[in-house]
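Asker: Handing you a structure now.
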Amino acid sequence: DAELKAWNHAIGYELPVAKRRAGYGRGLAHGDLGLSDTEGANKPVWQVLKTRWPATMKLAIAAGLFGAILGLFLALLWARHPGGALDSTLEFLTSLGLVVPTFVLGPLLIWLFAVVLGWLPSGEMNGLASYPLPVIALSSGFAAYLARVGRALLNAELGRDYCRAARARGLSQFMTLAKHALPNAAVPLLTAISLQVAALLGGAILTEVIFR
């Protein structure tokens, strides 16, 4: 009880909510984010962020690059081969990528690749071998989202007159996609990518908790 009272006094929990919020706002105005006990000591929050932020940013950037490349590749492949088995397979896989959360996919990847197969480590982020599993877990939803958005945008562009004219001149489907449809769909695709940046940063924190 004495330790709890001392902690509440140090943090200011004994004060009314309005006063606590006002004090926190004054601290934020001066760059004071408060104290954290996540590491067993009352450290300033900015010190904890300073030590952990680089790893979070590395993971988010790696997942963003991998997810963007994979999502664009799947979008091009999907638009190149509409209908058939590949279309159904990509529809199923991207649906899974959108609905399976990181806290479910992460343990499944650890179980398969670290426990059953023993191919990759699942502990702390230490070296390049530690990145594939958390990067896949974090980027799966992003890649699935980008693939579906990209497929819709590319299909819309392929239905326009300039793409039909390119096909009529003998240009292949792939070259029509690469030279005409993709550049014209680039702006909305970049917008879709930018909207997912905050989600990647927030998801990176959860992913680190799963894989550390």
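Chain identifiers are assigned as A, B, and so on, following the order in which chains appear in the structure tokens; residues are numbered from 1 within each chain, and ligands are numbered from 1 in order of appearance.
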Near Ala63 (chain A), within 9 Å and counting only C-alpha atoms, which residues show up once chain neighbours fewer than 6 positions away are dropped, as a list in words?

Answerer: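 Residues near the query, excluding close chain neighbours: Pro134, Val135, Ile136, Ala137, Leu138, Ser139, Ser140, Phe142, Leu200 and Ala204 of chain A.
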
Asker: With the cut-off set at 10 Å and counting only C-alpha atoms, tabulate each residue of region 40-111 of chain A with an atom at most that distance from an atom of region 154-161 of chain A, showing the nearest atom pair and its distance in Å to one decimal, ordered by chain and increasing number, as JSON lines.

Answerer:
```
{"residue": "A:Ala75", "atom": "CA", "partner": "A:Leu154", "partner_atom": "CA", "distance": 7.8}
{"residue": "A:Leu76", "atom": "CA", "partner": "A:Leu154", "partner_atom": "CA", "distance": 7.7}
{"residue": "A:Trp78", "atom": "CA", "partner": "A:Asn155", "partner_atom": "CA", "distance": 9.3}
{"residue": "A:Ala79", "atom": "CA", "partner": "A:Asn155", "partner_atom": "CA", "distance": 6.1}
{"residue": "A:Arg80", "atom": "CA", "partner": "A:Asn155", "partner_atom": "CA", "distance": 9.1}
{"residue": "A:Pro82", "atom": "CA", "partner": "A:Asn155", "partner_atom": "CA", "distance": 9.1}
```

Asker: Would you please give, as a ChimeraX atom specification, all residues of chain A that DSSP assigns to alpha helix (DSSP H) based on the backbone?

Answerer: /A:2-11,17-29,45-80,84-99,102-109,132-158,161-168,173-176,182-184,186-195,197-211

Asker: Counting only C-alpha atoms, which of A:Ala166, A:Ala147, A:Leu109, A:Ala68 gets nearest to Thr207 (chain A)?

Answerer: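 Nearest candidate to Thr207 (chain A) out of A:Ala166, A:Ala147, A:Leu109, A:Ala68: A:Leu109.
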